[in-house]
Structure formats: C-alpha cells, structure tokens
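Visitor: My structure is stored as entry12.pdb, with PDB, C-alpha atoms.
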```pdb
ATOM      1  CA  MET P  23       0.000   0.000   0.000
ATOM      2  CA  SER P  24       1.580   3.265  -1.131
ATOM      3  CA  GLY P  25       2.378   5.790   1.566
ATOM      4  CA  VAL P  26       3.089   3.351   4.392
ATOM      5  CA  ARG P  27       6.534   3.846   5.913
ATOM      6  CA  PHE P  28       8.599   1.449   7.990
ATOM      7  CA  GLY P  29      11.028   1.710  10.880
ATOM      8  CA  VAL P  30      13.110  -0.905  12.687
ATOM      9  CA  PHE P  31      14.560  -1.101  16.195
ATOM     10  CA  VAL P  32      18.294  -1.583  16.520
ATOM     11  CA  PRO P  33      19.581  -3.991  19.201
ATOM     12  CA  GLN P  34      20.533  -1.906  22.244
ATOM     13  CA  GLY P  35      20.226  -4.549  24.964
ATOM     14  CA  TRP P  36      16.820  -3.849  26.490
ATOM     15  CA  ARG P  37      15.262  -7.001  25.054
ATOM     16  CA  MET P  38      18.293  -9.149  25.937
ATOM     17  CA  ASP P  39      19.405  -8.776  22.329
ATOM     18  CA  LEU P  40      23.130  -8.232  22.908
ATOM     19  CA  THR P  41      23.869 -10.960  25.465
ATOM     20  CA  GLY P  42      25.435 -13.219  22.828
ATOM     21  CA  ILE P  43      28.311 -10.728  22.545
ATOM     22  CA  ALA P  44      30.676 -10.454  25.523
ATOM     23  CA  ASP P  45      32.632  -7.286  24.797
ATOM     24  CA  PRO P  46      30.665  -4.038  25.396
ATOM     25  CA  VAL P  47      32.498  -2.213  22.612
ATOM     26  CA  GLU P  48      31.590  -4.959  20.163
ATOM     27  CA  GLN P  49      28.006  -4.829  21.449
ATOM     28  CA  PHE P  50      27.881  -1.140  20.577
ATOM     29  CA  GLU P  51      29.400  -1.786  17.166
ATOM     30  CA  ALA P  52      26.901  -4.590  16.512
ATOM     31  CA  MET P  53      24.075  -2.132  17.199
ATOM     32  CA  THR P  54      25.712   0.406  14.903
ATOM     33  CA  ARG P  55      26.115  -2.158  12.102
ATOM     34  CA  VAL P  56      22.377  -2.793  12.106
ATOM     35  CA  ALA P  57      21.741   0.952  11.902
ATOM     36  CA  LYS P  58      24.133   1.326   8.983
ATOM     37  CA  GLU P  59      22.587  -1.630   7.194
ATOM     38  CA  ALA P  60      19.099  -0.176   7.578
ATOM     39  CA  ASP P  61      20.444   3.155   6.328
ATOM     40  CA  THR P  62      21.156   1.541   2.957
ATOM     41  CA  GLY P  63      17.743  -0.123   2.682
ATOM     42  CA  PRO P  64      14.078   0.847   2.238
ATOM     43  CA  TRP P  65      13.570   1.831   5.881
ATOM     44  CA  ASP P  66      12.472   5.339   6.820
ATOM     45  CA  SER P  67      13.797   5.114  10.379
ATOM     46  CA  ILE P  68      15.724   3.275  13.062
ATOM     47  CA  TRP P  69      14.461   3.236  16.659
ATOM     48  CA  VAL P  70      15.716   2.772  20.198
ATOM     49  CA  TYR P  71      13.953   2.252  23.527
ATOM     50  CA  ASP P  72      14.310   4.529  26.539
ATOM     51  CA  HIS P  73      15.098   1.980  29.228
ATOM     52  CA  PHE P  74      17.949   1.316  31.642
ATOM     53  CA  HIS P  75      17.217  -2.287  32.719
ATOM     54  CA  THR P  76      16.526  -5.363  30.623
ATOM     55  CA  THR P  77      13.080  -6.859  30.105
ATOM     56  CA  PRO P  78      11.156  -8.996  31.032
ATOM     57  CA  GLN P  79      13.347  -9.104  34.157
ATOM     58  CA  PRO P  80      16.104  -6.714  35.264
ATOM     59  CA  THR P  81      19.432  -8.487  34.759
ATOM     60  CA  GLN P  82      23.113  -7.540  34.894
ATOM     61  CA  ASN P  83      23.302  -7.076  31.127
ATOM     62  CA  THR P  84      24.004  -4.238  28.747
ATOM     63  CA  VAL P  85      21.328  -1.636  28.010
ATOM     64  CA  PHE P  86      22.600   1.438  26.144
ATOM     65  CA  GLU P  87      20.991   4.790  26.995
ATOM     66  CA  SER P  88      18.640   6.222  24.382
ATOM     67  CA  TRP P  89      19.841   9.797  23.904
ATOM     68  CA  THR P  90      23.519   8.903  23.865
ATOM     69  CA  ILE P  91      23.030   6.296  21.171
ATOM     70  CA  SER P  92      20.633   8.523  19.235
ATOM     71  CA  ALA P  93      23.409  11.087  18.958
ATOM     72  CA  THR P  94      26.041   8.558  17.900
ATOM     73  CA  LEU P  95      23.751   6.820  15.418
ATOM     74  CA  ALA P  96      22.896  10.200  13.944
ATOM     75  CA  ARG P  97      26.568  10.641  13.074
ATOM     76  CA  ASP P  98      27.058   7.047  11.918
ATOM     77  CA  THR P  99      24.203   7.162   9.384
ATOM     78  CA  GLU P 100      23.442   9.474   6.490
ATOM     79  CA  ARG P 101      19.843   9.190   5.345
ATOM     80  CA  ILE P 102      17.655   7.388   7.828
ATOM     81  CA  HIS P 103      15.618   9.028  10.599
ATOM     82  CA  ILE P 104      16.433   8.231  14.238
ATOM     83  CA  GLY P 105      13.647   7.875  16.798
ATOM     84  CA  GLN P 106      13.004   6.789  20.381
ATOM     85  CA  MET P 107       9.909   4.779  21.297
ATOM     86  CA  VAL P 108       9.537   6.516  23.660
ATOM     87  CA  ASN P 109      11.482   8.695  26.105
ATOM     88  CA  CYS P 110      10.105   8.580  29.633
ATOM     89  CA  ASN P 111       8.980  11.939  31.008
ATOM     90  CA  GLY P 112      10.054  10.943  34.511
ATOM     91  CA  TYR P 113      13.705  10.355  33.578
ATOM     92  CA  ARG P 114      14.556  13.884  32.387
ATOM     93  CA  ASN P 115      13.271  17.365  33.020
ATOM     94  CA  PRO P 116      11.120  18.214  29.957
ATOM     95  CA  ALA P 117      12.990  21.458  29.278
ATOM     96  CA  LEU P 118      16.241  19.485  29.211
ATOM     97  CA  PHE P 119      14.560  16.891  26.969
ATOM     98  CA  ALA P 120      13.657  19.655  24.522
ATOM     99  CA  LYS P 121      17.211  21.007  24.512
ATOM    100  CA  MET P 122      18.702  17.550  23.983
ATOM    101  CA  ALA P 123      16.304  16.820  21.138
ATOM    102  CA  SER P 124      17.117  20.114  19.447
ATOM    103  CA  THR P 125      20.821  19.288  19.634
ATOM    104  CA  VAL P 126      20.425  15.766  18.229
ATOM    105  CA  ASP P 127      18.177  17.080  15.469
ATOM    106  CA  VAL P 128      21.013  19.349  14.364
ATOM    107  CA  ALA P 129      23.566  16.544  14.707
ATOM    108  CA  SER P 130      21.412  14.399  12.408
ATOM    109  CA  HIS P 131      20.805  17.245   9.937
ATOM    110  CA  GLY P 132      17.093  17.153  10.713
ATOM    111  CA  ARG P 133      16.504  13.403  10.954
ATOM    112  CA  LEU P 134      15.264  13.099  14.551
ATOM    113  CA  TYR P 135      11.880  11.711  15.609
ATOM    114  CA  ALA P 136      11.661  12.672  19.291
ATOM    115  CA  GLY P 137       9.513  10.148  21.141
ATOM    116  CA  TYR P 138       7.850  11.038  24.432
ATOM    117  CA  GLY P 139       5.683   9.152  26.912
ATOM    118  CA  ALA P 140       4.631   9.000  30.554
ATOM    119  CA  GLY P 141       6.704   5.909  31.443
ATOM    120  CA  TRP P 142       5.755   2.629  33.113
ATOM    121  CA  TYR P 143       8.745   0.423  34.090
ATOM    122  CA  GLU P 144       8.478   0.700  37.880
ATOM    123  CA  HIS P 145      11.702  -1.166  38.675
ATOM    124  CA  GLU P 146      13.755   1.350  36.687
ATOM    125  CA  TRP P 147      12.056   4.357  38.240
ATOM    126  CA  ARG P 148      12.739   3.188  41.784
ATOM    127  CA  ALA P 149      16.250   1.869  41.091
ATOM    128  CA  TYR P 150      17.356   5.210  39.662
ATOM    129  CA  GLY P 151      15.785   7.190  42.470
ATOM    130  CA  TYR P 152      12.817   8.677  40.619
ATOM    131  CA  GLY P 153      10.189   7.152  42.893
ATOM    132  CA  PHE P 154       7.104   5.876  41.126
ATOM    133  CA  PRO P 155       4.103   8.220  41.357
ATOM    134  CA  GLU P 156       0.576   6.936  40.880
ATOM    135  CA  THR P 157      -0.695   6.809  37.306
ATOM    136  CA  LYS P 158      -2.808   9.949  37.703
ATOM    137  CA  GLU P 159       0.212  11.932  38.899
ATOM    138  CA  ARG P 160       2.500  10.551  36.175
ATOM    139  CA  MET P 161      -0.036  11.509  33.518
ATOM    140  CA  ALA P 162      -0.488  15.007  34.952
ATOM    141  CA  ALA P 163       3.286  15.557  34.891
ATOM    142  CA  PHE P 164       3.402  14.145  31.358
ATOM    143  CA  ARG P 165       0.749  16.648  30.250
ATOM    144  CA  GLU P 166       2.812  19.534  31.611
ATOM    145  CA  GLY P 167       5.944  18.111  30.016
ATOM    146  CA  VAL P 168       4.393  18.021  26.545
ATOM    147  CA  GLN P 169       3.343  21.655  26.869
ATOM    148  CA  ILE P 170       6.833  22.732  27.937
ATOM    149  CA  ILE P 171       8.500  20.834  25.093
ATOM    150  CA  HIS P 172       6.170  22.454  22.573
ATOM    151  CA  LYS P 173       6.965  25.896  23.965
ATOM    152  CA  MET P 174      10.704  25.229  23.936
ATOM    153  CA  TRP P 175      10.531  24.369  20.237
ATOM    154  CA  THR P 176       8.197  27.168  19.125
ATOM    155  CA  GLU P 177       8.834  30.204  21.366
ATOM    156  CA  ASP P 178      11.920  32.343  21.971
ATOM    157  CA  THR P 179      11.209  33.149  25.638
ATOM    158  CA  PRO P 180       8.823  30.423  26.823
ATOM    159  CA  THR P 181       7.292  30.519  30.268
ATOM    160  CA  PHE P 182       5.239  27.920  32.096
ATOM    161  CA  SER P 183       4.178  27.485  35.698
ATOM    162  CA  GLY P 184       2.609  24.174  36.610
ATOM    163  CA  THR P 185       2.236  21.784  39.510
ATOM    164  CA  TYR P 186       5.241  19.667  38.522
ATOM    165  CA  TYR P 187       7.368  21.847  36.260
ATOM    166  CA  SER P 188       8.050  25.485  35.525
ATOM    167  CA  ILE P 189      10.254  27.393  33.101
ATOM    168  CA  ASP P 190      11.149  31.063  33.010
ATOM    169  CA  GLY P 191      12.434  32.120  29.618
ATOM    170  CA  PRO P 192      14.984  29.369  28.858
ATOM    171  CA  ILE P 193      16.964  30.010  25.673
ATOM    172  CA  ASN P 194      16.878  27.004  23.350
ATOM    173  CA  GLU P 195      18.999  27.767  20.319
ATOM    174  CA  PRO P 196      19.086  26.283  17.837
ATOM    175  CA  LYS P 197      15.565  24.909  18.183
ATOM    176  CA  SER P 198      16.087  22.468  15.325
ATOM    177  CA  ALA P 199      18.272  21.799  12.307
ATOM    178  CA  LYS P 200      16.502  24.460  10.241
ATOM    179  CA  PRO P 201      15.092  27.832  11.316
ATOM    180  CA  GLY P 202      11.308  27.732  11.555
ATOM    181  CA  ARG P 203      11.205  23.926  11.611
ATOM    182  CA  LYS P 204       9.831  22.098  14.648
ATOM    183  CA  VAL P 205      11.363  18.826  15.780
ATOM    184  CA  PRO P 206       8.749  16.090  15.139
ATOM    185  CA  LEU P 207       7.206  14.970  18.448
ATOM    186  CA  TRP P 208       6.072  11.323  18.553
ATOM    187  CA  ILE P 209       3.764  10.697  21.508
ATOM    188  CA  GLY P 210       3.489   7.108  22.708
ATOM    189  CA  GLY P 211       0.425   5.644  24.398
ATOM    190  CA  SER P 212      -3.267   5.470  23.654
ATOM    191  CA  GLY P 213      -5.063   6.821  26.720
ATOM    192  CA  GLU P 214      -8.198   8.437  25.390
ATOM    193  CA  LYS P 215      -8.614  11.254  27.922
ATOM    194  CA  VAL P 216      -5.032  12.540  28.195
ATOM    195  CA  THR P 217      -2.581  11.053  25.700
ATOM    196  CA  LEU P 218      -4.644  11.145  22.521
ATOM    197  CA  LYS P 219      -5.855  14.628  23.369
ATOM    198  CA  LEU P 220      -2.220  15.742  23.682
ATOM    199  CA  VAL P 221      -1.482  14.147  20.315
ATOM    200  CA  ALA P 222      -4.264  16.186  18.744
ATOM    201  CA  GLN P 223      -2.971  19.390  20.326
ATOM    202  CA  TYR P 224       0.795  18.998  20.099
ATOM    203  CA  GLY P 225       1.884  15.731  18.494
ATOM    204  CA  ASP P 226       3.240  15.145  15.026
ATOM    205  CA  ALA P 227       2.791  11.389  15.395
ATOM    206  CA  CYS P 228       1.291   8.831  17.749
ATOM    207  CA  ASN P 229       2.140   5.228  18.504
ATOM    208  CA  ILE P 230      -0.784   2.964  19.350
ATOM    209  CA  GLY P 231      -0.510  -0.681  20.291
ATOM    210  CA  GLY P 232      -3.026  -3.503  20.133
ATOM    211  CA  ASP P 233      -4.911  -5.443  17.509
ATOM    212  CA  ALA P 234      -6.589  -3.970  14.450
ATOM    213  CA  GLU P 235      -9.876  -3.261  16.228
ATOM    214  CA  THR P 236      -8.079  -1.443  19.039
ATOM    215  CA  ILE P 237      -6.104   0.641  16.552
ATOM    216  CA  ARG P 238      -9.258   1.529  14.635
ATOM    217  CA  HIS P 239     -11.083   2.583  17.795
ATOM    218  CA  LYS P 240      -8.199   4.636  19.194
ATOM    219  CA  LEU P 241      -7.728   6.450  15.897
ATOM    220  CA  GLU P 242     -11.417   7.289  15.817
ATOM    221  CA  VAL P 243     -11.011   8.828  19.264
ATOM    222  CA  LEU P 244      -7.959  10.751  18.052
ATOM    223  CA  GLN P 245      -9.881  12.025  15.049
ATOM    224  CA  GLY P 246     -12.617  13.267  17.381
ATOM    225  CA  HIS P 247     -10.068  15.156  19.481
ATOM    226  CA  CYS P 248      -8.605  16.688  16.325
ATOM    227  CA  GLU P 249     -12.024  17.933  15.268
ATOM    228  CA  LYS P 250     -12.586  19.533  18.667
ATOM    229  CA  VAL P 251      -9.294  21.469  18.626
ATOM    230  CA  GLY P 252      -9.398  22.266  14.919
ATOM    231  CA  ARG P 253      -6.363  20.137  14.017
ATOM    232  CA  PRO P 254      -6.229  18.413  10.605
ATOM    233  CA  TYR P 255      -6.223  14.687  11.413
ATOM    234  CA  ASP P 256      -4.183  13.895   8.306
ATOM    235  CA  GLU P 257      -1.276  15.974   9.641
ATOM    236  CA  ILE P 258      -0.591  13.303  12.263
ATOM    237  CA  THR P 259       1.399  10.155  11.538
ATOM    238  CA  LYS P 260      -0.376   7.090  12.936
ATOM    239  CA  SER P 261       2.161   4.430  13.914
ATOM    240  CA  THR P 262       1.968   1.028  15.523
ATOM    241  CA  SER P 263       4.599  -1.549  16.468
ATOM    242  CA  PHE P 264       5.135  -5.239  15.789
ATOM    243  CA  ASN P 265       7.555  -7.803  17.194
ATOM    244  CA  VAL P 266       8.263 -10.215  14.343
ATOM    245  CA  TYR P 267      10.650 -12.919  13.263
ATOM    246  CA  PRO P 268      10.666 -13.607   9.506
ATOM    247  CA  VAL P 269      11.680 -17.115   8.514
ATOM    248  CA  ALA P 270      12.447 -18.478   5.080
ATOM    249  CA  PRO P 271       9.621 -20.433   3.387
ATOM    250  CA  GLY P 272       9.823 -24.075   4.431
ATOM    251  CA  ALA P 273      12.120 -23.432   7.389
ATOM    252  CA  ASP P 274      11.422 -24.920  10.813
ATOM    253  CA  ALA P 275      10.887 -21.764  12.875
ATOM    254  CA  GLU P 276      11.269 -23.481  16.234
ATOM    255  CA  GLN P 277      14.557 -25.085  15.261
ATOM    256  CA  GLN P 278      15.822 -21.954  13.534
ATOM    257  CA  THR P 279      15.398 -19.883  16.697
ATOM    258  CA  VAL P 280      16.985 -22.253  19.232
ATOM    259  CA  ARG P 281      20.263 -20.366  19.580
ATOM    260  CA  LEU P 282      18.551 -16.989  19.398
ATOM    261  CA  ARG P 283      16.157 -17.882  22.218
ATOM    262  CA  GLU P 284      19.096 -19.040  24.339
ATOM    263  CA  THR P 285      20.697 -15.604  24.041
ATOM    264  CA  MET P 286      17.405 -14.011  25.083
ATOM    265  CA  GLY P 287      17.472 -15.791  28.438
ATOM    266  CA  ASN P 288      16.442 -19.303  27.348
ATOM    267  CA  VAL P 289      13.012 -18.213  26.167
ATOM    268  CA  SER P 290      10.763 -21.171  25.399
ATOM    269  CA  TRP P 291       9.439 -21.628  21.891
ATOM    270  CA  GLU P 292       5.888 -21.200  23.190
ATOM    271  CA  ASN P 293       6.650 -17.835  24.808
ATOM    272  CA  PHE P 294       8.658 -16.673  21.810
ATOM    273  CA  ALA P 295       5.796 -17.499  19.458
ATOM    274  CA  LYS P 296       3.324 -15.694  21.732
ATOM    275  CA  SER P 297       5.343 -12.491  21.847
ATOM    276  CA  HIS P 298       6.354 -12.363  18.174
ATOM    277  CA  VAL P 299       4.649 -12.830  14.840
ATOM    278  CA  VAL P 300       6.774 -15.743  13.612
ATOM    279  CA  GLY P 301       6.426 -16.906  10.052
ATOM    280  CA  THR P 302       7.236 -16.224   6.439
ATOM    281  CA  PRO P 303       7.214 -12.631   5.214
ATOM    282  CA  ASP P 304       3.795 -13.293   3.659
ATOM    283  CA  VAL P 305       2.380 -14.291   7.047
ATOM    284  CA  ILE P 306       3.847 -11.194   8.677
ATOM    285  CA  ALA P 307       2.637  -8.938   5.851
ATOM    286  CA  GLU P 308      -0.891 -10.239   6.297
ATOM    287  CA  ARG P 309      -0.882  -9.289   9.991
ATOM    288  CA  ILE P 310       0.555  -5.860   9.280
ATOM    289  CA  GLN P 311      -1.980  -5.250   6.521
ATOM    290  CA  GLN P 312      -4.737  -5.571   9.119
ATOM    291  CA  ALA P 313      -3.218  -2.680  11.069
ATOM    292  CA  ILE P 314      -2.892  -0.630   7.904
ATOM    293  CA  ASP P 315      -6.533  -1.297   7.049
ATOM    294  CA  ALA P 316      -7.405  -0.039  10.546
ATOM    295  CA  GLY P 317      -5.711   3.290   9.853
ATOM    296  CA  ALA P 318      -2.010   2.864  10.700
ATOM    297  CA  ASP P 319       0.306   4.477   8.161
ATOM    298  CA  TYR P 320       3.633   3.839   9.865
ATOM    299  CA  ILE P 321       4.919   0.422  10.991
ATOM    300  CA  ILE P 322       7.746   0.148  13.531
ATOM    301  CA  THR P 323       9.226  -3.328  13.755
ATOM    302  CA  TYR P 324      11.336  -5.144  16.313
ATOM    303  CA  ILE P 325      13.232  -8.156  14.936
ATOM    304  CA  PRO P 326      15.257 -10.109  17.534
ATOM    305  CA  GLY P 327      18.728 -11.372  16.768
ATOM    306  CA  LEU P 328      19.860  -8.700  14.318
ATOM    307  CA  ALA P 329      23.071  -8.204  16.304
ATOM    308  CA  TYR P 330      24.111 -11.680  15.155
ATOM    309  CA  ASP P 331      22.341 -12.196  11.818
ATOM    310  CA  LEU P 332      21.028  -9.658   9.306
ATOM    311  CA  ASP P 333      19.173 -12.193   7.126
ATOM    312  CA  PRO P 334      15.815 -11.639   8.908
ATOM    313  CA  LEU P 335      16.159  -7.900   8.221
ATOM    314  CA  HIS P 336      16.613  -8.569   4.528
ATOM    315  CA  ARG P 337      13.744 -11.069   4.429
ATOM    316  CA  TYR P 338      11.499  -8.400   5.942
ATOM    317  CA  GLU P 339      12.670  -5.821   3.418
ATOM    318  CA  GLU P 340      12.089  -8.110   0.465
ATOM    319  CA  GLY P 341       8.881  -9.786   1.587
ATOM    320  CA  VAL P 342       7.075  -7.156   3.683
ATOM    321  CA  ILE P 343       8.235  -3.644   2.784
ATOM    322  CA  ALA P 344       8.396  -4.453  -0.928
ATOM    323  CA  LYS P 345       4.828  -5.720  -0.733
ATOM    324  CA  LEU P 346       3.223  -3.090   1.520
ATOM    325  CA  GLY P 347       5.448  -0.024   1.241
TER     326      GLY P 347
END
```
Have the structure of the file written as structure tokens, please.
Guide:
Amino acid sequence: MSGVRFGVFVPQGWRMDLTGIADPVEQFEAMTRVAKEADTGPWDSIWVYDHFHTTPQPTQNTVFESWTISATLARDTERIHIGQMVNCNGYRNPALFAKMASTVDVASHGRLYAGYGAGWYEHEWRAYGYGFPETKERMAAFREGVQIIHKMWTEDTPTFSGTYYSIDGPINEPKSAKPGRKVPLWIGGSGEKVTLKLVAQYGDACNIGGDAETIRHKLEVLQGHCEKVGRPYDEITKSTSFNVYPVAPGADAEQQTVRLRETMGNVSWENFAKSHVVGTPDVIAERIQQAIDAGADYIITYIPGLAYDLDPLHRYEEGVIAKLG
C-alpha cells in the first residue's frame, strides 16, 4: 500500500538482544552495524527504547541509553531518521529533553523523531531514584511536560508554571536543524482522555498498540479530538509496532530460533511465538496489513537477533516492505 513507511529497532540490549556478545564495545558496534545496514535499505527510520534495565526481568546485562546512542547513530548514518519509542517523562526534566532533542536534530541534519511518553517500568524508576508516582500523577506531569517541550521548540522566551514543572524564559537555540522547523514529536500511548488529546494538540505522530480493532477505535477517538481542537487529522502520523521474526519459506521456525532464544534468556518456543509474529514474510505482511486497514500508516518493527544475523532484516525488506510499502 503506497504511503506506508517502515522503521526498525536496533539492538541496544533492552530485550536481551546483545547478550550473545561479551565485549561491550563490540556490542555497541553490533548495534551500529544494524543501523548502517538499515540506512542503505528501504527503511524510513531506526528506533531505540528509553530503558535502563533489561526486560522482562532486570538483569546484569548491557542496556545502552537512548539519547547517547541517538546522537552517535545520527553521526554514523546518512539518510535514515532516528527515533526513540519513547522517552520517559520521569527520567529527564522536559525542558532538558527539549534542549537535547534540538541538539540531536542538528547533529542528524534534521533526521530526529523525538519520542515522548509517561513511562511505566516501575523497577527502573525506583532503582534510579525517581520514585514511582501513581498513574494519575505521572499523567499530569506528562501533560505539563508536553506543553513545555512544545513551547521550547516554538517560542523564543517560553514561560510555564505548573504543579510539577516550571520554566522562566529558557533560551533554546538552535531549536532544530533548520530555522522555523519544529522537531517532530512522537507521543506514545493510547489513553483516550489525556494522551490522545495531547497528540491532537501537540503531536506530530502517535504510537498505538493492540490489535486492528483497538487501533481503529483509538484512531477514531484521536480524530474526534482533532475535530474539537481544529487540528487536521491527516497531519498526524499514525504508527503502531510489531515484534516479528521472519523465517524463510519451508524453514522450521522453532529449530531456527533455538540459539537466538538461548541468548534471550532461554526463552521457550511457546513464549517466543506468543510475543512475536513468527512466520514467512507473507504471514507477517498479512498481519501488518490488518493494522494498515485499521488506519495505521507507519509500521515500527522489532526483529530479535539482528546483532548476530542480518538475514531476517533482509527477508522483511524483500517480503514485507516491498509488498506493503
């Protein structure tokens, strides 16, 4: 389907996707190799997570920090956009977030997609000393953060006084790679009362999870918010994410993923198959097409094992992007 764009996560450690490499420098270079490979392909973007501890359980394994690697990947690639899905409001002051994003946008020559969300990984929050406020409080702080970021990118002497944050004329120069251009803000989450309303008011893109019916419903809610605030719905990129593992036609998927699942913490085949769409590119394309039919126009994909083997990346390019892009 023409107009659909695709992004791919690089292996940064959060999903236990670098544990098969012992040396931390080589881990970083493995991540960078995936980014460079995607830069030469049909992808619009590469993505990183904003997490400090591994998932599904915190372990003593590598997880590279999102903004640091965004900056380095910006300089190690030439064409592709760099995004975070998504930065946690609770980990950085929003004014600082805006300044960092402006800097990385310039470093990338205008290729940054700045992702922003309220955050959820309680273990990380507490381990790093951020506490873990109740959901209502986290969402209220997130709302203020979005407003501050927007002001930092659009006003010369922004001011804001809220319950959680305040700014008093911070200078943010340059605001982006090009005068008059706003850094694209990608807002993650699908809460109907707060998050999607913020997307309608301030977001350039959203990221909504769930099945096709959930995506369709959430986008209808977003469209309603856009109508209320007078925002053209078509201005907003509607993204969703998939965890997939493309296998060659005729291959035994369970057998093919034995070593990979060992590096992910000895994940069972049953759990792997539950958490990923495993199959030929045609099978994966069929699932993604359902999301596209529901209104998604941007597909962000996580493919495990790319630090060790780029073949699944190429199978996805040839069998999914070539078919749907």
Visitor: Any idea what's packed within 7 Å of P:Gln223, counting only C-alpha atoms, ignoring anything in its chain fewer than 3 positions away? Could you give it as a list in words?
Guide: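 Non-adjacent residues within range: Lys219, Leu220 and Val251 of chain P.
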Visitor: Tell me which protein, DNA and RNA residues are within 12 Å of P:Thr81, counting only C-alpha atoms, leaving out same-chain ones fewer than 4 positions away, and put them as an NGL selection string.
Guide: :P and (35-38 or 41 or 74-77 or 85 or 145-146 or 286-287)
Visitor: Find the spatial neighbours of P:Ile306, counting only C-alpha atoms, within a cut-off of 9 Å - ignore same-chain residues fewer than 3 positions away - and output them as a list in words.
Guide: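 Counting only the stated atoms, we get Val266, Tyr267, Pro268, Val299, Val300, Gly301, Thr302, Pro303, Arg309, Ile310, Gln311, Tyr338, Gly341 and Val342 of chain P.
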Visitor: For the structure shown, which residues end up in the PyMOL selection byres ((chain P and resi 109-121) around 7)? Put them as a PyMOL selection string, please?
Guide: chain P and resi 72+106-108+122-125+137-141+164+167+170-171+174+194
Visitor: Would you save the residues from that selection as a PDB file, in the frame of the given file, using C-alpha atoms?
Guide:
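After the write, selection_33.pdb holds the following:
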```pdb
ATOM      1  CA  ASP P  72      14.310   4.529  26.539  1.00  0.00           C
ATOM      2  CA  GLN P 106      13.004   6.789  20.381  1.00  0.00           C
ATOM      3  CA  MET P 107       9.909   4.779  21.297  1.00  0.00           C
ATOM      4  CA  VAL P 108       9.537   6.516  23.660  1.00  0.00           C
ATOM      5  CA  MET P 122      18.702  17.550  23.983  1.00  0.00           C
ATOM      6  CA  ALA P 123      16.304  16.820  21.138  1.00  0.00           C
ATOM      7  CA  SER P 124      17.117  20.114  19.447  1.00  0.00           C
ATOM      8  CA  THR P 125      20.821  19.288  19.634  1.00  0.00           C
ATOM      9  CA  GLY P 137       9.513  10.148  21.141  1.00  0.00           C
ATOM     10  CA  TYR P 138       7.850  11.038  24.432  1.00  0.00           C
ATOM     11  CA  GLY P 139       5.683   9.152  26.912  1.00  0.00           C
ATOM     12  CA  ALA P 140       4.631   9.000  30.554  1.00  0.00           C
ATOM     13  CA  GLY P 141       6.704   5.909  31.443  1.00  0.00           C
ATOM     14  CA  PHE P 164       3.402  14.145  31.358  1.00  0.00           C
ATOM     15  CA  GLY P 167       5.944  18.111  30.016  1.00  0.00           C
ATOM     16  CA  ILE P 170       6.833  22.732  27.937  1.00  0.00           C
ATOM     17  CA  ILE P 171       8.500  20.834  25.093  1.00  0.00           C
ATOM     18  CA  MET P 174      10.704  25.229  23.936  1.00  0.00           C
ATOM     19  CA  ASN P 194      16.878  27.004  23.350  1.00  0.00           C
TER      20      ASN P 194
END
```
Visitor: Distance atom CA of P:Gly317-atom CA of P:Ala234, one decimal place?
Guide: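 Interatomic distance here is 8.6 Å.
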Visitor: For atom CA of P:Gly225 and atom CA of P:Ile258, determine how far apart the two atoms are, in Å to one decimal place.
Guide: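 Spanning atom CA of P:Gly225 to atom CA of P:Ile258 is a straight-line distance of 7.1 Å.
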Visitor: Applying 7 Å and only C-alpha atoms, which residues near P:Val30 remain after dropping the ones on its own chain fewer than 6 positions away? List them as JSON, numbers by chain.
Guide: {"P": [67, 68, 69, 322, 323, 324]}
Visitor: For the file shown, what are the residues hit by the PyMOL selection byres ((chain P and resi 163) around 10), laid out as a PyMOL selection string?
Guide: chain P and resi 111-112+116+140+155+157-162+164-168+184-187
Visitor: I'd like the residues picked by the PyMOL selection byres ((chain P and resi 237) around 12) written out as a PyMOL selection string, using the chain letters and numbers from the file.
Guide: chain P and resi 211-214+228-236+238-244+260-263+310+312-319
Visitor: Store the residues of this selection in a file with C-alpha atoms, as a tab-separated table (two decimals), keeping the file's coordinate frame.
Guide:
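Output contents, as saved in result-v3.tsv:
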```
chain	number	residue	atom	x	y	z
P	211	GLY	CA	0.42	5.64	24.40
P	212	SER	CA	-3.27	5.47	23.65
P	213	GLY	CA	-5.06	6.82	26.72
P	214	GLU	CA	-8.20	8.44	25.39
P	228	CYS	CA	1.29	8.83	17.75
P	229	ASN	CA	2.14	5.23	18.50
P	230	ILE	CA	-0.78	2.96	19.35
P	231	GLY	CA	-0.51	-0.68	20.29
P	232	GLY	CA	-3.03	-3.50	20.13
P	233	ASP	CA	-4.91	-5.44	17.51
P	234	ALA	CA	-6.59	-3.97	14.45
P	235	GLU	CA	-9.88	-3.26	16.23
P	236	THR	CA	-8.08	-1.44	19.04
P	238	ARG	CA	-9.26	1.53	14.64
P	239	HIS	CA	-11.08	2.58	17.80
P	240	LYS	CA	-8.20	4.64	19.19
P	241	LEU	CA	-7.73	6.45	15.90
P	242	GLU	CA	-11.42	7.29	15.82
P	243	VAL	CA	-11.01	8.83	19.26
P	244	LEU	CA	-7.96	10.75	18.05
P	260	LYS	CA	-0.38	7.09	12.94
P	261	SER	CA	2.16	4.43	13.91
P	262	THR	CA	1.97	1.03	15.52
P	263	SER	CA	4.60	-1.55	16.47
P	310	ILE	CA	0.56	-5.86	9.28
P	312	GLN	CA	-4.74	-5.57	9.12
P	313	ALA	CA	-3.22	-2.68	11.07
P	314	ILE	CA	-2.89	-0.63	7.90
P	315	ASP	CA	-6.53	-1.30	7.05
P	316	ALA	CA	-7.40	-0.04	10.55
P	317	GLY	CA	-5.71	3.29	9.85
P	318	ALA	CA	-2.01	2.86	10.70
P	319	ASP	CA	0.31	4.48	8.16
```
